[in-house]
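K.L.:
Data file run21.cif (mmCIF, C-alpha atoms) is appended below.
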```
data_model
loop_
_atom_site.label_atom_id
_atom_site.label_comp_id
_atom_site.auth_asym_id
_atom_site.auth_seq_id
_atom_site.Cartn_x
_atom_site.Cartn_y
_atom_site.Cartn_z
CA MET A 180 4.76 24.60 5.01
CA GLN A 181 5.64 21.01 5.83
CA SER A 182 6.22 18.42 3.13
CA SER A 183 4.20 15.22 3.27
CA HIS A 184 7.35 13.40 4.42
CA GLU A 185 7.70 15.77 7.40
CA ARG A 186 4.06 15.20 8.41
CA ARG A 187 4.38 11.41 8.42
CA ARG A 188 4.31 9.80 11.83
CA ALA A 189 6.42 6.81 10.80
CA PRO A 190 9.10 6.21 8.17
CA ARG A 191 7.93 4.35 5.08
CA VAL A 192 9.52 1.33 3.47
CA THR A 193 9.26 0.93 -0.29
CA VAL A 194 7.63 -2.39 -1.21
CA GLU A 195 5.66 -3.84 -4.09
CA LEU A 196 3.42 -6.56 -2.69
CA ALA A 197 0.21 -8.04 -4.06
CA GLY A 198 -2.82 -7.13 -2.02
CA GLU A 199 -6.57 -6.67 -1.88
CA LEU A 200 -8.56 -3.76 -0.53
CA HIS A 201 -11.97 -4.71 0.89
CA LEU A 202 -14.45 -1.91 1.58
CA PRO A 203 -18.13 -2.43 2.45
CA GLY A 204 -20.38 -1.89 -0.57
CA HIS A 205 -17.51 -2.37 -3.06
CA PRO A 206 -16.20 -5.50 -4.74
CA PRO A 207 -12.69 -6.41 -3.50
CA ALA A 208 -9.98 -4.53 -5.38
CA GLN A 209 -6.87 -6.47 -6.44
CA GLY A 210 -3.72 -4.38 -6.64
CA LEU A 211 -0.30 -3.58 -5.26
CA VAL A 212 0.79 -2.25 -1.89
CA HIS A 213 3.56 0.37 -2.08
CA ASP A 214 5.27 2.44 0.61
CA ILE A 215 4.24 0.84 3.88
CA SER A 216 4.83 2.05 7.44
CA ARG A 217 3.55 1.34 10.93
CA GLY A 218 0.80 3.88 10.26
CA GLY A 219 -0.41 2.97 6.79
CA ALA A 220 0.34 2.22 3.16
CA LEU A 221 -0.30 3.22 -0.42
CA PHE A 222 -2.63 0.84 -2.28
CA VAL A 223 -2.79 1.01 -6.09
CA PRO A 224 -5.64 -1.06 -7.56
CA ARG A 225 -5.41 -2.89 -10.85
CA GLY A 226 -8.14 -1.36 -12.96
CA HIS A 227 -10.87 1.04 -11.97
CA PHE A 228 -11.81 1.32 -8.30
CA THR A 229 -13.65 4.12 -6.53
CA ALA A 230 -13.65 4.87 -2.81
CA SER A 231 -13.93 8.02 -0.72
CA VAL A 232 -11.87 9.32 2.15
CA GLY A 233 -13.23 7.97 5.40
CA HIS A 234 -14.27 4.52 4.19
CA HIS A 235 -13.27 1.77 6.64
CA GLY A 236 -12.36 -1.74 5.55
CA ARG A 237 -9.46 -4.12 5.47
CA LEU A 238 -6.28 -4.54 3.47
CA LEU A 239 -4.91 -8.01 2.78
CA ILE A 240 -1.22 -8.12 1.94
CA ASN A 241 -0.05 -11.35 0.30
CA LEU A 242 3.19 -12.62 1.82
CA SER A 243 5.17 -15.75 1.06
CA ASP A 244 3.88 -17.40 4.25
CA GLY A 245 0.23 -16.26 3.98
CA ALA A 246 -1.79 -13.06 4.02
CA LEU A 247 -1.53 -10.24 6.53
CA GLU A 248 -4.97 -8.74 7.13
CA LEU A 249 -5.08 -5.20 8.53
CA PRO A 250 -8.04 -2.93 9.34
CA VAL A 251 -7.80 0.36 7.42
CA ARG A 252 -9.41 3.71 6.82
CA VAL A 253 -9.03 5.47 3.46
CA ALA A 254 -7.13 8.66 4.32
CA ARG A 255 -6.27 9.99 0.84
CA VAL A 256 -7.24 9.44 -2.77
CA ALA A 257 -4.75 10.80 -5.29
CA ASP A 258 -3.16 10.25 -8.65
CA VAL A 259 0.36 8.91 -8.12
CA GLN A 260 3.34 8.36 -10.42
CA LEU A 261 5.13 5.05 -9.96
CA SER A 262 8.32 4.49 -11.96
CA SER A 263 7.77 4.99 -15.68
CA ILE A 264 4.08 4.10 -15.88
CA PRO A 265 1.49 6.86 -16.34
CA SER A 266 -0.08 8.25 -13.19
CA VAL A 267 -2.65 5.99 -11.58
CA ARG A 268 -5.25 6.42 -8.87
CA GLY A 269 -3.87 5.42 -5.49
CA PHE A 270 -5.41 5.14 -2.05
CA GLY A 271 -3.50 6.16 1.04
CA VAL A 272 -4.81 3.99 3.84
CA GLU A 273 -4.20 4.36 7.56
CA PHE A 274 -4.13 1.29 9.75
CA ASP A 275 -7.06 1.43 12.14
CA ASP A 276 -7.09 -0.22 15.61
CA LEU A 277 -4.50 -2.92 14.98
CA LYS A 278 -4.55 -5.87 17.33
CA ARG A 279 -1.32 -6.83 19.04
CA ASP A 280 -0.66 -9.80 16.69
CA GLN A 281 -1.27 -7.54 13.66
CA GLU A 282 1.17 -4.96 15.07
CA ARG A 283 3.80 -7.67 15.53
CA ALA A 284 3.29 -9.07 12.03
CA LEU A 285 3.50 -5.58 10.52
CA ALA A 286 6.67 -4.79 12.51
CA ALA A 287 8.24 -8.06 11.31
CA LEU A 288 7.36 -7.23 7.69
CA LEU A 289 8.87 -3.75 8.00
CA ALA A 290 12.04 -5.07 9.67
CA GLN A 291 12.46 -7.70 6.97
CA ARG A 292 11.99 -5.16 4.15
CA GLU A 293 14.29 -2.59 5.79
CA ALA A 294 16.99 -5.25 6.10
CA THR A 295 16.83 -6.00 2.36
CA THR A 296 17.12 -2.35 1.25
#
```
Could I get this structure in the form of structure tokens?
P.N.:
Amino acid sequence: MQSSHERRRAPRVTVELAGELHLPGHPPAQGLVHDISRGGALFVPRGHFTASVGHHGRLLINLSDGALELPVRVARVADVQLSSIPSVRGFGVEFDDLKRDQERALAALLAQREATT
């Protein structure tokens, strides 16, 4: 049986960036983006937020020079343990049909974060 790391299509970079998850029919969820890659990210909302696998929407990641907006699909919903805080509900999102400028911005973000780790 493969571990989740072995099944990943792209290596992840550990980050902790403010973001918002926007899904149709739901109020925007403020939270933090953790573990980002070319294929997706982990979004942990502040407070209660409910979404199901398969929902499509957009993830806004707040950066020092503005926000990066990426189309997403909710791929997983799971309780996750981050550092010493109790487990929280997290949403694994896959990036969905990125435009070329979004791909470039994401690649630049990943390169910058990899260089600082």
K.L.:
Apply the PyMOL selection byres ((chain A and resi 272) around 6) to the file shown and report the selected residues as a list in words.
P.N.:
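Listing what the PyMOL selection byres ((chain A and resi 272) around 6) selects in the shown file: Gly219, Ala220, Val251, Arg252, Val253, Ala254, Gly271 and Glu273 of chain A.
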K.L.:
Contacts of stretch 224-239 of chain A at 8 Å or less, counting all atoms listed in the file, minus same-chain residues fewer than 3 places along, as a tab-separated table (two decimals) with C-alpha atoms, in the coordinates of the input?
P.N.:
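For reference, selection-v5.tsv as written:
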```tsv
chain	number	residue	atom	x	y	z
A	198	GLY	CA	-2.82	-7.13	-2.02
A	199	GLU	CA	-6.57	-6.67	-1.88
A	200	LEU	CA	-8.56	-3.76	-0.53
A	201	HIS	CA	-11.97	-4.71	0.89
A	202	LEU	CA	-14.45	-1.91	1.58
A	203	PRO	CA	-18.13	-2.43	2.45
A	208	ALA	CA	-9.98	-4.53	-5.38
A	209	GLN	CA	-6.87	-6.47	-6.44
A	210	GLY	CA	-3.72	-4.38	-6.64
A	211	LEU	CA	-0.30	-3.58	-5.26
A	246	ALA	CA	-1.79	-13.06	4.02
A	247	LEU	CA	-1.53	-10.24	6.53
A	248	GLU	CA	-4.97	-8.74	7.13
A	249	LEU	CA	-5.08	-5.20	8.53
A	250	PRO	CA	-8.04	-2.93	9.34
A	251	VAL	CA	-7.80	0.36	7.42
A	252	ARG	CA	-9.41	3.71	6.82
A	253	VAL	CA	-9.03	5.47	3.46
A	254	ALA	CA	-7.13	8.66	4.32
A	255	ARG	CA	-6.27	9.99	0.84
A	256	VAL	CA	-7.24	9.44	-2.77
A	268	ARG	CA	-5.25	6.42	-8.87
A	269	GLY	CA	-3.87	5.42	-5.49
```
K.L.:
As an exercise, work out the distance from atom CA of A:Gln291 to atom CA of A:Gly218 in Å and give it to one decimal place.
P.N.:
16.8 Å
K.L.:
Can you tell me how far atom CA of A:Glu195 sits from atom CA of A:Ser216, in Å to one decimal?
P.N.:
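Between atom CA of A:Glu195 and atom CA of A:Ser216 the gap works out to 13.0 Å.
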K.L.:
Calculate how many Å separate atom CA of A:Val194 from atom CA of A:Leu288, rounding to one decimal.
P.N.:
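If I compute the distance from atom CA of A:Val194 to atom CA of A:Leu288, I get 10.1 Å.
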K.L.:
When distances are computed from only C-alpha atoms, which of A:Ser243, A:Ser266, A:Thr193, A:Gln281 shows the smallest separation from A:Asp214?
P.N.:
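Counting only C-alpha atoms, the residue closest to A:Asp214 is A:Thr193.
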K.L.:
Measuring atom to atom with all atoms listed in the file, identify which of A:Asp258, A:Leu196, A:Arg217, A:Pro207 is nearest to A:Ala290.
P.N.:
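For A:Ala290, the nearest of the given residues is A:Arg217.
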K.L.:
Rank nothing, just name the residue among A:His213, A:Lys278, A:Arg283, A:Arg292 nearest to A:Val259, using all atoms listed in the file.
P.N.:
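Closest candidate: A:His213.
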K.L.:
Return the padded bounding box of stretch 195-214 of chain A as AutoDock Vina command-line options: axis-aligned, built from all atoms listed in the file, 8 Å added on each side, with centre and edge lengths in Å to one decimal.
P.N.:
```
--center_x -7.4 --center_y -2.8 --center_z -2.1 --size_x 42.0 --size_y 26.5 --size_z 25.1
```
K.L.:
Identify which of the residues A:Pro190, A:Ala197, A:Phe270, A:Pro265 lies closest to A:Ile215, counting all atoms listed in the file when measuring atom-to-atom distances.
P.N.:
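For A:Ile215, the nearest of the candidates is A:Pro190.
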K.L.:
Would you mind putting back N, CA and C atoms on stretch 198-231 of chain A, then writing it out as a PDB file, keeping the file's coordinate frame?
P.N.:
```pdb
ATOM      1  N   GLY A 198      -1.869  -7.303  -3.100  1.00  0.00           N
ATOM      2  CA  GLY A 198      -2.820  -7.130  -2.020  1.00  0.00           C
ATOM      3  C   GLY A 198      -4.234  -6.966  -2.528  1.00  0.00           C
ATOM      4  N   GLU A 199      -5.160  -6.892  -1.589  1.00  0.00           N
ATOM      5  CA  GLU A 199      -6.570  -6.670  -1.880  1.00  0.00           C
ATOM      6  C   GLU A 199      -7.119  -5.672  -0.888  1.00  0.00           C
ATOM      7  N   LEU A 200      -7.888  -4.721  -1.391  1.00  0.00           N
ATOM      8  CA  LEU A 200      -8.560  -3.760  -0.530  1.00  0.00           C
ATOM      9  C   LEU A 200     -10.040  -4.122  -0.503  1.00  0.00           C
ATOM     10  N   HIS A 201     -10.563  -4.344   0.698  1.00  0.00           N
ATOM     11  CA  HIS A 201     -11.970  -4.710   0.890  1.00  0.00           C
ATOM     12  C   HIS A 201     -12.662  -3.574   1.622  1.00  0.00           C
ATOM     13  N   LEU A 202     -13.653  -2.966   0.974  1.00  0.00           N
ATOM     14  CA  LEU A 202     -14.450  -1.910   1.580  1.00  0.00           C
ATOM     15  C   LEU A 202     -15.920  -2.292   1.470  1.00  0.00           C
ATOM     16  N   PRO A 203     -16.711  -2.100   2.514  1.00  0.00           N
ATOM     17  CA  PRO A 203     -18.130  -2.430   2.450  1.00  0.00           C
ATOM     18  C   PRO A 203     -18.808  -1.717   1.271  1.00  0.00           C
ATOM     19  N   GLY A 204     -19.648  -2.459   0.557  1.00  0.00           N
ATOM     20  CA  GLY A 204     -20.380  -1.890  -0.570  1.00  0.00           C
ATOM     21  C   GLY A 204     -19.600  -1.849  -1.868  1.00  0.00           C
ATOM     22  N   HIS A 205     -18.357  -2.347  -1.865  1.00  0.00           N
ATOM     23  CA  HIS A 205     -17.510  -2.370  -3.060  1.00  0.00           C
ATOM     24  C   HIS A 205     -17.008  -3.791  -3.272  1.00  0.00           C
ATOM     25  N   PRO A 206     -16.854  -4.208  -4.531  1.00  0.00           N
ATOM     26  CA  PRO A 206     -16.200  -5.500  -4.740  1.00  0.00           C
ATOM     27  C   PRO A 206     -14.725  -5.382  -4.330  1.00  0.00           C
ATOM     28  N   PRO A 207     -14.104  -6.475  -3.883  1.00  0.00           N
ATOM     29  CA  PRO A 207     -12.690  -6.410  -3.500  1.00  0.00           C
ATOM     30  C   PRO A 207     -11.840  -5.909  -4.671  1.00  0.00           C
ATOM     31  N   ALA A 208     -10.880  -5.069  -4.365  1.00  0.00           N
ATOM     32  CA  ALA A 208      -9.980  -4.530  -5.380  1.00  0.00           C
ATOM     33  C   ALA A 208      -8.625  -5.230  -5.271  1.00  0.00           C
ATOM     34  N   GLN A 209      -8.201  -5.878  -6.349  1.00  0.00           N
ATOM     35  CA  GLN A 209      -6.870  -6.470  -6.440  1.00  0.00           C
ATOM     36  C   GLN A 209      -5.898  -5.349  -6.813  1.00  0.00           C
ATOM     37  N   GLY A 210      -4.689  -5.406  -6.289  1.00  0.00           N
ATOM     38  CA  GLY A 210      -3.720  -4.380  -6.640  1.00  0.00           C
ATOM     39  C   GLY A 210      -2.385  -4.613  -5.971  1.00  0.00           C
ATOM     40  N   LEU A 211      -1.627  -3.523  -5.856  1.00  0.00           N
ATOM     41  CA  LEU A 211      -0.300  -3.580  -5.260  1.00  0.00           C
ATOM     42  C   LEU A 211      -0.205  -2.624  -4.081  1.00  0.00           C
ATOM     43  N   VAL A 212       0.504  -3.071  -3.053  1.00  0.00           N
ATOM     44  CA  VAL A 212       0.790  -2.250  -1.890  1.00  0.00           C
ATOM     45  C   VAL A 212       2.185  -1.669  -2.076  1.00  0.00           C
ATOM     46  N   HIS A 213       2.277  -0.357  -1.959  1.00  0.00           N
ATOM     47  CA  HIS A 213       3.560   0.370  -2.080  1.00  0.00           C
ATOM     48  C   HIS A 213       3.746   1.187  -0.809  1.00  0.00           C
ATOM     49  N   ASP A 214       4.964   1.522  -0.494  1.00  0.00           N
ATOM     50  CA  ASP A 214       5.270   2.440   0.610  1.00  0.00           C
ATOM     51  C   ASP A 214       4.449   2.142   1.853  1.00  0.00           C
ATOM     52  N   ILE A 215       4.954   1.245   2.674  1.00  0.00           N
ATOM     53  CA  ILE A 215       4.240   0.840   3.880  1.00  0.00           C
ATOM     54  C   ILE A 215       4.994   1.329   5.116  1.00  0.00           C
ATOM     55  N   SER A 216       4.246   1.641   6.165  1.00  0.00           N
ATOM     56  CA  SER A 216       4.830   2.050   7.440  1.00  0.00           C
ATOM     57  C   SER A 216       3.987   1.475   8.566  1.00  0.00           C
ATOM     58  N   ARG A 217       4.347   1.788   9.788  1.00  0.00           N
ATOM     59  CA  ARG A 217       3.550   1.340  10.930  1.00  0.00           C
ATOM     60  C   ARG A 217       2.174   2.008  10.929  1.00  0.00           C
ATOM     61  N   GLY A 218       2.052   3.134  10.239  1.00  0.00           N
ATOM     62  CA  GLY A 218       0.800   3.880  10.260  1.00  0.00           C
ATOM     63  C   GLY A 218      -0.116   3.642   9.074  1.00  0.00           C
ATOM     64  N   GLY A 219       0.433   3.147   7.957  1.00  0.00           N
ATOM     65  CA  GLY A 219      -0.410   2.970   6.790  1.00  0.00           C
ATOM     66  C   GLY A 219       0.379   2.551   5.564  1.00  0.00           C
ATOM     67  N   ALA A 220      -0.280   2.648   4.402  1.00  0.00           N
ATOM     68  CA  ALA A 220       0.340   2.220   3.160  1.00  0.00           C
ATOM     69  C   ALA A 220      -0.335   2.909   1.987  1.00  0.00           C
ATOM     70  N   LEU A 221       0.282   2.772   0.838  1.00  0.00           N
ATOM     71  CA  LEU A 221      -0.300   3.220  -0.420  1.00  0.00           C
ATOM     72  C   LEU A 221      -0.776   1.974  -1.160  1.00  0.00           C
ATOM     73  N   PHE A 222      -2.059   1.942  -1.521  1.00  0.00           N
ATOM     74  CA  PHE A 222      -2.630   0.840  -2.280  1.00  0.00           C
ATOM     75  C   PHE A 222      -2.992   1.345  -3.662  1.00  0.00           C
ATOM     76  N   VAL A 223      -2.501   0.650  -4.700  1.00  0.00           N
ATOM     77  CA  VAL A 223      -2.790   1.010  -6.090  1.00  0.00           C
ATOM     78  C   VAL A 223      -3.549  -0.162  -6.724  1.00  0.00           C
ATOM     79  N   PRO A 224      -4.842   0.033  -6.993  1.00  0.00           N
ATOM     80  CA  PRO A 224      -5.640  -1.060  -7.560  1.00  0.00           C
ATOM     81  C   PRO A 224      -5.287  -1.318  -9.011  1.00  0.00           C
ATOM     82  N   ARG A 225      -5.495  -2.562  -9.427  1.00  0.00           N
ATOM     83  CA  ARG A 225      -5.410  -2.890 -10.850  1.00  0.00           C
ATOM     84  C   ARG A 225      -6.786  -2.568 -11.414  1.00  0.00           C
ATOM     85  N   GLY A 226      -6.850  -1.716 -12.374  1.00  0.00           N
ATOM     86  CA  GLY A 226      -8.140  -1.360 -12.960  1.00  0.00           C
ATOM     87  C   GLY A 226      -8.859  -0.300 -12.157  1.00  0.00           C
ATOM     88  N   HIS A 227     -10.073  -0.032 -12.564  1.00  0.00           N
ATOM     89  CA  HIS A 227     -10.870   1.040 -11.970  1.00  0.00           C
ATOM     90  C   HIS A 227     -11.414   0.637 -10.606  1.00  0.00           C
ATOM     91  N   PHE A 228     -11.274   1.529  -9.635  1.00  0.00           N
ATOM     92  CA  PHE A 228     -11.810   1.320  -8.300  1.00  0.00           C
ATOM     93  C   PHE A 228     -12.110   2.692  -7.722  1.00  0.00           C
ATOM     94  N   THR A 229     -13.260   2.834  -7.094  1.00  0.00           N
ATOM     95  CA  THR A 229     -13.650   4.120  -6.530  1.00  0.00           C
ATOM     96  C   THR A 229     -13.938   3.961  -5.048  1.00  0.00           C
ATOM     97  N   ALA A 230     -13.375   4.829  -4.243  1.00  0.00           N
ATOM     98  CA  ALA A 230     -13.650   4.870  -2.810  1.00  0.00           C
ATOM     99  C   ALA A 230     -13.421   6.301  -2.347  1.00  0.00           C
ATOM    100  N   SER A 231     -14.052   6.667  -1.268  1.00  0.00           N
ATOM    101  CA  SER A 231     -13.930   8.020  -0.720  1.00  0.00           C
ATOM    102  C   SER A 231     -13.141   8.013   0.574  1.00  0.00           C
TER     103      SER A 231
END
```
